[in-house]
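Participant: One file: upload25.txt (compact mmCIF, C-alpha atoms).
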```
# COMPACT_ATOMS: atom_id res chain seq x y z
CA MET A 4 13.00 -141.34 -12.86
CA ASN A 5 15.06 -142.12 -9.75
CA LYS A 6 16.35 -145.72 -10.08
CA ALA A 7 16.02 -146.38 -6.37
CA LEU A 8 12.36 -145.39 -6.49
CA LEU A 9 11.79 -147.69 -9.49
CA THR A 10 13.37 -150.60 -7.63
CA LEU A 11 11.25 -149.97 -4.56
CA THR A 12 8.13 -149.70 -6.69
CA PHE A 13 8.88 -152.97 -8.47
CA LEU A 14 9.80 -154.99 -5.40
CA ALA A 15 7.09 -153.63 -3.12
CA PHE A 16 4.95 -156.41 -1.74
CA CYS A 17 1.34 -155.84 -0.92
CA THR A 18 0.49 -155.32 2.73
CA THR A 19 -1.63 -157.80 4.67
CA ILE A 20 -4.76 -156.60 6.41
CA SER A 21 -7.12 -158.31 8.82
CA ALA A 22 -9.34 -161.24 7.93
CA GLN A 23 -12.37 -159.09 8.68
CA GLN A 24 -11.56 -157.02 5.60
CA GLN A 25 -11.40 -160.01 3.25
CA ARG A 26 -14.10 -160.40 0.60
CA ARG A 27 -16.14 -163.48 -0.24
CA PRO A 28 -17.09 -163.90 -3.91
CA ARG A 29 -20.60 -164.95 -4.90
CA PHE A 30 -21.13 -168.65 -5.64
CA GLN A 31 -23.32 -170.15 -8.35
CA ARG A 32 -25.95 -172.47 -6.92
CA GLU A 33 -24.92 -175.82 -8.38
CA ALA A 34 -22.58 -177.55 -10.80
CA PHE A 35 -23.64 -178.10 -14.39
CA GLN A 36 -22.19 -179.82 -17.44
CA THR A 37 -21.59 -178.40 -20.89
CA GLU A 38 -19.66 -179.16 -24.06
CA THR A 39 -19.53 -175.47 -24.99
CA PRO A 40 -18.30 -173.67 -21.86
CA MET A 41 -18.49 -169.91 -21.71
CA VAL A 42 -15.09 -168.82 -20.49
CA HIS A 43 -12.73 -165.84 -20.52
CA ASP A 44 -8.91 -166.05 -20.33
CA PRO A 45 -8.74 -169.85 -19.85
CA VAL A 46 -5.76 -171.89 -18.73
CA MET A 47 -5.70 -175.66 -18.36
CA ALA A 48 -3.94 -178.32 -16.29
CA LYS A 49 -4.13 -182.08 -15.76
CA ASP A 50 -3.83 -183.66 -12.31
CA GLY A 51 -4.24 -187.44 -12.23
CA ASP A 52 -6.98 -188.36 -14.70
CA THR A 53 -8.79 -185.03 -14.51
CA TYR A 54 -8.40 -181.86 -16.57
CA TYR A 55 -8.98 -178.47 -14.98
CA ILE A 56 -9.79 -175.09 -16.48
CA TYR A 57 -9.23 -171.90 -14.53
CA ALA A 58 -10.51 -168.62 -15.91
CA THR A 59 -11.53 -165.06 -15.17
CA GLY A 60 -14.51 -164.88 -12.82
CA MET A 61 -15.69 -164.19 -9.30
CA GLY A 62 -12.91 -165.72 -7.20
CA ILE A 63 -11.56 -167.48 -10.36
CA GLN A 64 -13.93 -169.71 -12.30
CA GLN A 65 -13.07 -173.42 -12.38
CA MET A 66 -14.33 -176.48 -14.24
CA THR A 67 -13.25 -180.10 -14.64
CA SER A 68 -13.37 -182.81 -17.30
CA LYS A 69 -12.23 -186.38 -17.86
CA ASP A 70 -11.97 -186.05 -21.65
CA ARG A 71 -11.63 -182.31 -22.48
CA LYS A 72 -15.03 -182.54 -24.20
CA THR A 73 -17.67 -182.44 -21.48
CA TRP A 74 -16.92 -179.91 -18.76
CA THR A 75 -18.42 -179.66 -15.28
CA VAL A 76 -18.61 -176.02 -14.24
CA LEU A 77 -18.11 -176.02 -10.49
CA PRO A 78 -20.23 -173.86 -8.17
CA GLN A 79 -17.34 -172.99 -5.87
CA PRO A 80 -14.62 -170.66 -7.12
CA VAL A 81 -10.93 -171.23 -6.47
CA MET A 82 -10.83 -168.35 -3.99
CA THR A 83 -13.65 -168.68 -1.51
CA VAL A 84 -12.12 -165.71 0.31
CA ILE A 85 -10.31 -162.88 -1.46
CA PRO A 86 -7.14 -161.98 0.50
CA GLY A 87 -7.39 -158.59 2.13
CA TRP A 88 -4.07 -157.37 0.71
CA THR A 89 -5.57 -157.36 -2.81
CA THR A 90 -8.19 -154.71 -2.16
CA ASP A 91 -5.77 -152.78 0.02
CA SER A 92 -3.22 -152.69 -2.81
CA VAL A 93 -5.45 -152.18 -5.86
CA ALA A 94 -7.96 -149.34 -5.69
CA GLY A 95 -11.38 -150.44 -6.91
CA PHE A 96 -10.62 -154.17 -6.99
CA GLY A 97 -13.31 -156.40 -5.48
CA SER A 98 -13.65 -160.12 -6.10
CA HIS A 99 -13.72 -160.36 -9.92
CA VAL A 100 -10.34 -162.02 -10.47
CA TRP A 101 -8.73 -161.98 -13.91
CA ALA A 102 -6.53 -164.10 -16.08
CA PRO A 103 -5.03 -166.85 -13.89
CA ASP A 104 -2.18 -169.18 -14.78
CA VAL A 105 -1.37 -172.55 -13.23
CA ILE A 106 1.74 -174.75 -13.29
CA ARG A 107 3.15 -177.74 -11.42
CA TRP A 108 6.76 -177.27 -10.33
CA HIS A 109 8.78 -179.15 -7.71
CA GLY A 110 5.82 -181.24 -6.56
CA GLN A 111 3.51 -178.30 -5.98
CA TRP A 112 0.85 -176.47 -7.94
CA TRP A 113 1.26 -172.72 -8.27
CA LEU A 114 -1.55 -170.44 -9.42
CA ALA A 115 -1.03 -166.77 -10.29
CA TYR A 116 -3.92 -164.36 -10.73
CA SER A 117 -4.58 -160.74 -11.67
CA CYS A 118 -6.11 -158.00 -9.52
CA SER A 119 -6.95 -154.87 -11.48
CA THR A 120 -9.62 -152.51 -12.78
CA PHE A 121 -10.38 -152.16 -16.46
CA GLY A 122 -8.03 -149.96 -18.45
CA LYS A 123 -5.81 -148.89 -15.54
CA ASN A 124 -2.36 -150.12 -14.53
CA GLY A 125 -2.64 -149.92 -10.76
CA SER A 126 -2.59 -153.71 -10.58
CA ALA A 127 -1.17 -156.72 -8.76
CA ILE A 128 -0.39 -160.36 -9.52
CA GLY A 129 -1.12 -162.67 -6.60
CA LEU A 130 0.03 -166.22 -5.90
CA LEU A 131 -1.60 -169.35 -4.49
CA SER A 132 -0.13 -172.81 -3.86
CA SER A 133 -1.62 -176.29 -3.44
CA ARG A 134 -0.48 -179.90 -3.32
CA SER A 135 -3.51 -181.12 -5.30
CA LEU A 136 -5.91 -179.56 -7.77
CA GLY A 137 -8.63 -181.99 -6.79
CA ALA A 138 -8.59 -180.91 -3.16
CA ASN A 139 -9.16 -177.26 -4.15
CA MET A 140 -7.32 -176.12 -1.02
CA TRP A 141 -5.12 -173.17 -1.83
CA LYS A 142 -2.69 -171.25 0.34
CA ASP A 143 -2.30 -167.50 -0.08
CA GLU A 144 1.35 -166.81 -0.98
CA GLY A 145 0.90 -163.06 -1.22
CA CYS A 146 1.87 -160.79 -4.08
CA ILE A 147 4.37 -161.58 -6.84
CA VAL A 148 4.52 -158.09 -8.31
CA CYS A 149 2.57 -154.82 -8.29
CA SER A 150 2.39 -152.00 -10.82
CA HIS A 151 1.55 -148.39 -10.00
CA THR A 152 0.11 -145.54 -11.99
CA TRP A 153 2.31 -142.48 -12.41
CA LYS A 154 1.94 -139.73 -9.82
CA ARG A 155 3.98 -136.84 -8.47
CA GLY A 156 5.21 -137.13 -4.88
CA ALA A 157 5.64 -134.41 -2.29
CA ASP A 158 9.26 -134.03 -3.41
CA GLY A 159 8.16 -133.34 -6.98
CA GLN A 160 9.48 -136.70 -8.26
CA MET A 161 7.26 -138.77 -10.57
CA THR A 162 6.91 -142.41 -9.54
CA GLY A 163 5.10 -145.24 -11.29
CA ASP A 164 5.44 -148.06 -13.80
CA ASN A 165 5.10 -148.05 -17.57
CA TRP A 166 3.73 -151.59 -17.54
CA ASN A 167 0.69 -153.39 -16.14
CA ALA A 168 0.88 -156.27 -13.64
CA ILE A 169 -1.81 -158.52 -15.11
CA ASP A 170 -2.00 -161.61 -17.36
CA PRO A 171 0.74 -163.71 -15.69
CA ASN A 172 2.26 -166.84 -17.18
CA PHE A 173 4.87 -169.11 -15.60
CA VAL A 174 7.60 -170.66 -17.72
CA ILE A 175 10.42 -172.98 -16.60
CA ASP A 176 13.87 -172.78 -18.18
CA GLN A 177 14.43 -176.31 -19.45
CA GLN A 178 18.22 -176.16 -18.98
CA THR A 179 18.46 -174.63 -15.51
CA ASP A 180 15.06 -175.52 -14.00
CA THR A 181 14.61 -171.83 -13.21
CA PRO A 182 11.10 -170.36 -13.09
CA TRP A 183 10.30 -167.11 -14.91
CA LEU A 184 7.20 -164.95 -15.10
CA VAL A 185 5.96 -163.21 -18.23
CA TRP A 186 3.08 -160.76 -17.97
CA GLY A 187 1.70 -157.47 -19.21
CA SER A 188 -0.98 -155.52 -20.98
CA PHE A 189 -0.69 -152.32 -23.05
CA TRP A 190 1.63 -149.48 -21.81
CA ASP A 191 5.16 -150.62 -22.78
CA GLY A 192 3.99 -154.14 -23.56
CA ILE A 193 4.98 -157.61 -22.39
CA GLN A 194 7.32 -157.91 -19.39
CA LEU A 195 9.62 -160.74 -18.27
CA ALA A 196 11.46 -161.40 -15.00
CA ARG A 197 13.22 -164.34 -13.34
CA LEU A 198 11.65 -165.84 -10.21
CA ASP A 199 13.17 -167.42 -7.13
CA SER A 200 12.34 -170.80 -5.58
CA THR A 201 9.25 -169.33 -3.87
CA MET A 202 7.83 -168.15 -7.22
CA HIS A 203 8.41 -164.49 -6.36
CA ILE A 204 10.58 -162.03 -8.26
CA ALA A 205 14.25 -162.94 -7.77
CA LYS A 206 16.40 -160.50 -5.82
CA GLY A 207 17.84 -157.79 -8.04
CA GLU A 208 15.57 -158.61 -11.01
CA GLN A 209 13.94 -155.80 -12.99
CA PRO A 210 11.21 -156.34 -15.57
CA ARG A 211 12.14 -155.85 -19.20
CA THR A 212 9.99 -155.51 -22.29
CA ILE A 213 10.13 -158.44 -24.70
CA ALA A 214 7.16 -157.68 -27.00
CA ARG A 215 5.24 -154.63 -28.21
CA ARG A 216 2.31 -154.24 -30.59
CA PHE A 217 4.15 -151.62 -32.62
CA ASP A 218 7.69 -150.44 -33.16
CA PRO A 219 8.38 -147.86 -30.39
CA SER A 220 8.84 -145.12 -33.00
CA TYR A 221 5.40 -145.75 -34.56
CA LYS A 222 2.58 -143.49 -33.37
CA PRO A 223 -0.88 -144.99 -34.06
CA THR A 224 -3.48 -142.46 -35.14
CA GLU A 225 -6.50 -144.35 -33.84
CA GLU A 226 -7.48 -143.98 -30.19
CA ASN A 227 -7.94 -146.92 -27.83
CA PRO A 228 -11.68 -147.72 -28.08
CA THR A 229 -11.77 -149.41 -24.66
CA SER A 230 -9.80 -147.11 -22.35
CA LYS A 231 -8.52 -143.54 -22.27
CA TYR A 232 -5.76 -144.59 -19.86
CA ALA A 233 -4.05 -147.52 -21.55
CA GLY A 234 -2.92 -146.03 -24.85
CA THR A 235 -2.69 -147.90 -28.14
CA ASN A 236 0.12 -150.43 -27.57
CA ALA A 237 -2.56 -153.12 -27.86
CA ILE A 238 -0.67 -156.24 -26.81
CA GLU A 239 -1.29 -158.46 -23.79
CA ALA A 240 -1.91 -162.00 -22.48
CA PRO A 241 1.54 -163.56 -23.07
CA PHE A 242 2.08 -167.31 -22.91
CA ILE A 243 5.44 -169.05 -23.46
CA PHE A 244 5.41 -172.68 -24.63
CA HIS A 245 8.55 -174.81 -24.99
CA HIS A 246 8.79 -177.14 -27.99
CA GLY A 247 11.92 -178.69 -29.47
CA ASP A 248 14.77 -176.19 -29.48
CA TYR A 249 12.60 -173.10 -28.95
CA TYR A 250 10.45 -171.16 -26.55
CA TYR A 251 7.39 -169.81 -28.38
CA LEU A 252 5.87 -166.55 -27.16
CA PHE A 253 2.17 -166.22 -27.96
CA VAL A 254 0.57 -162.80 -27.43
CA SER A 255 -2.83 -161.26 -28.07
CA TRP A 256 -3.04 -158.21 -30.29
CA ASP A 257 -5.71 -155.52 -30.37
CA TYR A 258 -8.90 -155.33 -28.31
CA CYS A 259 -10.84 -157.85 -26.25
CA CYS A 260 -13.91 -157.59 -24.06
CA ARG A 261 -16.20 -155.90 -26.62
CA GLY A 262 -18.31 -158.93 -27.52
CA ALA A 263 -18.98 -159.07 -31.25
CA LYS A 264 -17.00 -155.83 -31.70
CA SER A 265 -13.80 -157.43 -30.38
CA ASN A 266 -10.89 -157.75 -32.80
CA TYR A 267 -8.58 -159.84 -30.60
CA ARG A 268 -6.08 -162.07 -32.42
CA VAL A 269 -3.01 -164.12 -31.58
CA ALA A 270 0.56 -163.62 -32.82
CA VAL A 271 3.69 -165.67 -32.12
CA GLY A 272 7.47 -165.43 -32.11
CA ARG A 273 10.23 -167.68 -30.81
CA SER A 274 13.60 -167.72 -29.05
CA LYS A 275 16.17 -170.36 -28.15
CA THR A 276 16.30 -168.98 -24.60
CA VAL A 277 13.58 -167.93 -22.17
CA GLY A 278 15.10 -164.47 -21.97
CA GLY A 279 14.74 -163.81 -25.70
CA PRO A 280 14.91 -161.98 -27.98
CA TYR A 281 11.73 -163.41 -29.52
CA VAL A 282 11.55 -163.01 -33.30
CA ASP A 283 8.84 -163.74 -35.85
CA ARG A 284 9.11 -165.80 -39.05
CA GLU A 285 10.61 -162.80 -40.85
CA GLY A 286 13.25 -162.40 -38.15
CA LYS A 287 11.78 -159.23 -36.63
CA ASP A 288 12.18 -158.77 -32.88
CA MET A 289 8.83 -158.77 -31.09
CA ALA A 290 10.16 -156.01 -28.82
CA GLN A 291 10.24 -153.85 -31.97
CA GLY A 292 6.69 -154.73 -33.04
CA GLY A 293 7.36 -158.12 -34.62
CA GLY A 294 5.03 -161.10 -34.49
CA THR A 295 3.62 -163.65 -36.91
CA LEU A 296 -0.18 -163.82 -37.02
CA PHE A 297 -1.28 -167.19 -35.65
CA LEU A 298 -5.07 -167.00 -35.19
CA GLU A 299 -7.83 -164.49 -35.83
CA GLY A 300 -11.61 -164.56 -36.14
CA ASP A 301 -13.08 -166.10 -39.27
CA LYS A 302 -16.24 -163.94 -38.97
CA GLN A 303 -18.35 -167.07 -39.40
CA GLN A 304 -17.89 -169.04 -36.19
CA TRP A 305 -15.72 -166.53 -34.32
CA GLU A 306 -15.64 -162.75 -34.53
CA ALA A 307 -12.28 -162.69 -32.75
CA ALA A 308 -10.12 -164.93 -30.55
CA GLY A 309 -7.31 -164.49 -28.05
CA HIS A 310 -5.83 -164.81 -24.57
CA CYS A 311 -4.38 -168.22 -25.30
CA ALA A 312 -2.42 -171.03 -23.70
CA ALA A 313 -0.60 -174.09 -25.08
CA TYR A 314 0.12 -177.51 -23.54
CA THR A 315 1.26 -181.03 -24.22
CA PHE A 316 -1.34 -183.52 -22.98
CA ASP A 317 -0.77 -187.26 -23.51
CA GLY A 318 1.67 -186.63 -26.35
CA GLU A 319 -0.51 -184.10 -28.16
CA ASP A 320 0.21 -180.37 -28.36
CA VAL A 321 -2.96 -178.42 -27.67
CA PHE A 322 -3.85 -174.75 -28.11
CA ILE A 323 -6.69 -173.13 -26.17
CA CYS A 324 -8.13 -169.62 -25.99
CA HIS A 325 -11.47 -167.87 -25.79
CA GLY A 326 -13.32 -166.82 -28.90
CA TYR A 327 -16.11 -164.30 -29.34
CA SER A 328 -18.92 -166.27 -30.94
CA ALA A 329 -20.31 -164.96 -34.22
CA THR A 330 -23.51 -166.94 -33.72
CA GLN A 331 -24.15 -166.13 -30.04
CA ASN A 332 -23.91 -162.37 -29.97
CA GLY A 333 -20.20 -162.26 -29.19
CA ALA A 334 -20.28 -164.54 -26.13
CA ALA A 335 -16.79 -165.62 -24.99
CA MET A 336 -16.44 -169.39 -25.39
CA LEU A 337 -13.71 -172.02 -25.19
CA ILE A 338 -11.69 -172.88 -28.30
CA GLN A 339 -9.47 -176.00 -28.35
CA ARG A 340 -7.34 -176.94 -31.36
CA PRO A 341 -4.42 -179.36 -31.90
CA ILE A 342 -1.06 -177.80 -32.78
CA SER A 343 1.05 -179.23 -35.58
CA TRP A 344 4.51 -178.04 -36.62
CA THR A 345 6.02 -176.97 -39.93
CA PRO A 346 9.33 -178.50 -41.06
CA ASP A 347 11.14 -175.34 -39.97
CA GLY A 348 9.58 -175.49 -36.52
CA TRP A 349 6.66 -173.05 -36.52
CA PRO A 350 3.29 -173.89 -34.97
CA VAL A 351 0.10 -174.13 -37.02
CA LEU A 352 -3.41 -175.02 -35.92
CA SER A 353 -5.09 -178.24 -37.02
CA GLU A 354 -8.84 -178.76 -37.32
```
For this file, write the structure as structure tokens.

Facilitator:
Amino acid sequence: MNKALLTLTFLAFCTTISAQQQRRPRFQREAFQTETPMVHDPVMAKDGDTYYIYATGMGIQQMTSKDRKTWTVLPQPVMTVIPGWTTDSVAGFGSHVWAPDVIRWHGQWWLAYSCSTFGKNGSAIGLLSSRSLGANMWKDEGCIVCSHTWKRGADGQMTGDNWNAIDPNFVIDQQTDTPWLVWGSFWDGIQLARLDSTMHIAKGEQPRTIARRFDPSYKPTEENPTSKYAGTNAIEAPFIFHHGDYYYLFVSWDYCCRGAKSNYRVAVGRSKTVGGPYVDREGKDMAQGGGTLFLEGDKQQWEAAGHCAAYTFDGEDVFICHGYSATQNGAAMLIQRPISWTPDGWPVLSE
């Protein structure tokens, strides 16, 4: 493929269209409290004395808690208006926003979100900013990165991307204070690129693959049960967590979104630098199909579990994800577990 076309495809920002073309997501009628929130693709943050969860939903679902036990599910989504550029850039996208991530950096909150349609890689990752989570006032910062399905142009050249711009996660280099973005789902796997001070892709950066489900030479014989477009490189939902001397890359293997038939599970590798390579406990590079199994369904409480995040709150390392309940017909629900560490520096889950 022509390198200039690849660069233009990668750096293309989504066009802005008029406010009249923006969409308004549906609101639930009122807030309610629960200790067992139903949630998909959760991320968490703490601002002041309040914890926040953001998750896949109409306009991005949000909920709050003072103790991470009882959650108030808010009636108003994060995005009361869906920016017009999203539907202009992603065919078929409406107001069901996927897989957000949130981080505080340089005195400001940044929230990335995914615009896509199931099983296809014509997608975009958008960006919002806010001074306060409690105010729930977010500014549209446009598009971080888009991916495009392959197609043949009038000149006969094929253009497109062999990766999918969904499932974003911000990570800050602890030595240089530089932001990075990791993202990806299926196709060639998990992508990584350095950001600039505006949380957009830095000039001259190209995405590179840092994790795959299988070694590139391996050809799975089973078809993808969820999509005829995405292939069988069943890896997605990356999250990088810094602890001690390492950056730990968590990924989700196999298939989500099938209720009780889901077989989602979480694997992990680590690197001493944000840029990798990330290797598992056996020393295998995750870009070559490595990864140490970290969590899977026990078939008693959870059929499967995945799309995770990890944080340090008040001195405690915490792992969260959604699990498909074995007792509630595969409903996606919040899992929270403390993380402890082995003597050689690998994470394990505590009860």

Participant: Near Ala307 of chain A, within 12 Å and counting all atoms listed in the file, which residues show up once chain neighbours fewer than 3 positions away are dropped, as a PyMOL selection string?

Facilitator: chain A and resi 255-269+298-304+310+324-329+332-336+338

Participant: For segment 276-282 of chain A, list every protein, DNA or RNA residue within 10 Å, evaluated using all atoms listed in the file, and leave out those in the same chain fewer than 5 positions away; present the list as a ChimeraX atom specification.

Facilitator: /A:174-178,181-185,195-197,211-214,243-245,248-252,271,287-295

Participant: Quick one: residues within 9 Å of Met47 of chain A, all atoms listed in the file counted, chain neighbours fewer than 3 positions away excluded, as a list in words?

Facilitator: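 Neighbouring residues, sequence-local ones excluded: Tyr54, Tyr55, Ile56, Tyr57, Ala58, Asp104, Val105, Ala312, Ala313, Tyr314 and Ile323 of chain A.
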
Participant: Using only C-alpha atoms, which residue out of A:Phe96, A:Phe217, A:Trp186, A:Phe35 lies closest to Met61 of chain A?

Facilitator: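 Comparing A:Phe96, A:Phe217, A:Trp186, A:Phe35 against Met61 of chain A, the winner is A:Phe96.
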
Participant: Neighbouring residues of Pro223 of chain A were defined as those with any atom within 12 Å, considering only C-alpha atoms; residues of the same chain fewer than 4 positions away were excluded. Please report them as a PyMOL selection string.

Facilitator: chain A and resi 216-219+227+234-237

Participant: Go ahead and dump the residues you just picked, C-alpha atoms, as a short mmCIF file (atom, residue, chain, number, x, y, z; two decimals), in the coordinates of the input.

Facilitator:
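As a result, result30.cif now contains:
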```cif
data_model
loop_
_atom_site.label_atom_id
_atom_site.label_comp_id
_atom_site.auth_asym_id
_atom_site.auth_seq_id
_atom_site.Cartn_x
_atom_site.Cartn_y
_atom_site.Cartn_z
CA ARG A 216 2.31 -154.24 -30.59
CA PHE A 217 4.15 -151.62 -32.62
CA ASP A 218 7.69 -150.44 -33.16
CA PRO A 219 8.38 -147.86 -30.39
CA ASN A 227 -7.94 -146.92 -27.83
CA GLY A 234 -2.92 -146.03 -24.85
CA THR A 235 -2.69 -147.90 -28.14
CA ASN A 236 0.12 -150.43 -27.57
CA ALA A 237 -2.56 -153.12 -27.86
#
```

Participant: Quote the spacing between atom CA of Val351 of chain A and atom CA of Asp170 of chain A in Å to one decimal place.

Facilitator: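 Distance between the two atoms: 23.4 Å.
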
Participant: Taking into account only C-alpha atoms, which residue in the set A:Phe189, A:Tyr116, A:Trp166, A:Trp344 is nearest to Pro210 of chain A?

Facilitator: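 Looking at the shortest contact to Pro210 of chain A, the residue is A:Trp166.
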
Participant: Kindly give the distance, in Å, that separates atom CA of Phe121 of chain A and atom CA of Glu239 of chain A, rounded to a single decimal.

Facilitator: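 Value for the atom CA of Phe121 of chain A-atom CA of Glu239 of chain A distance: 13.3 Å.
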
Participant: Can you pull out every residue within 7 Å of Thr37 of chain A, counting all atoms listed in the file, but drop anything in the same chain fewer than 2 positions away, and send it as a VMD selection string?

Facilitator: chain A and resid 35 39 to 40 73 to 75

Participant: What does the distance from atom CA of Arg284 of chain A to atom CA of Trp349 of chain A come to in Å, to one decimal?

Facilitator: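 Straight-line distance from atom CA of Arg284 of chain A to atom CA of Trp349 of chain A works out to 8.1 Å.
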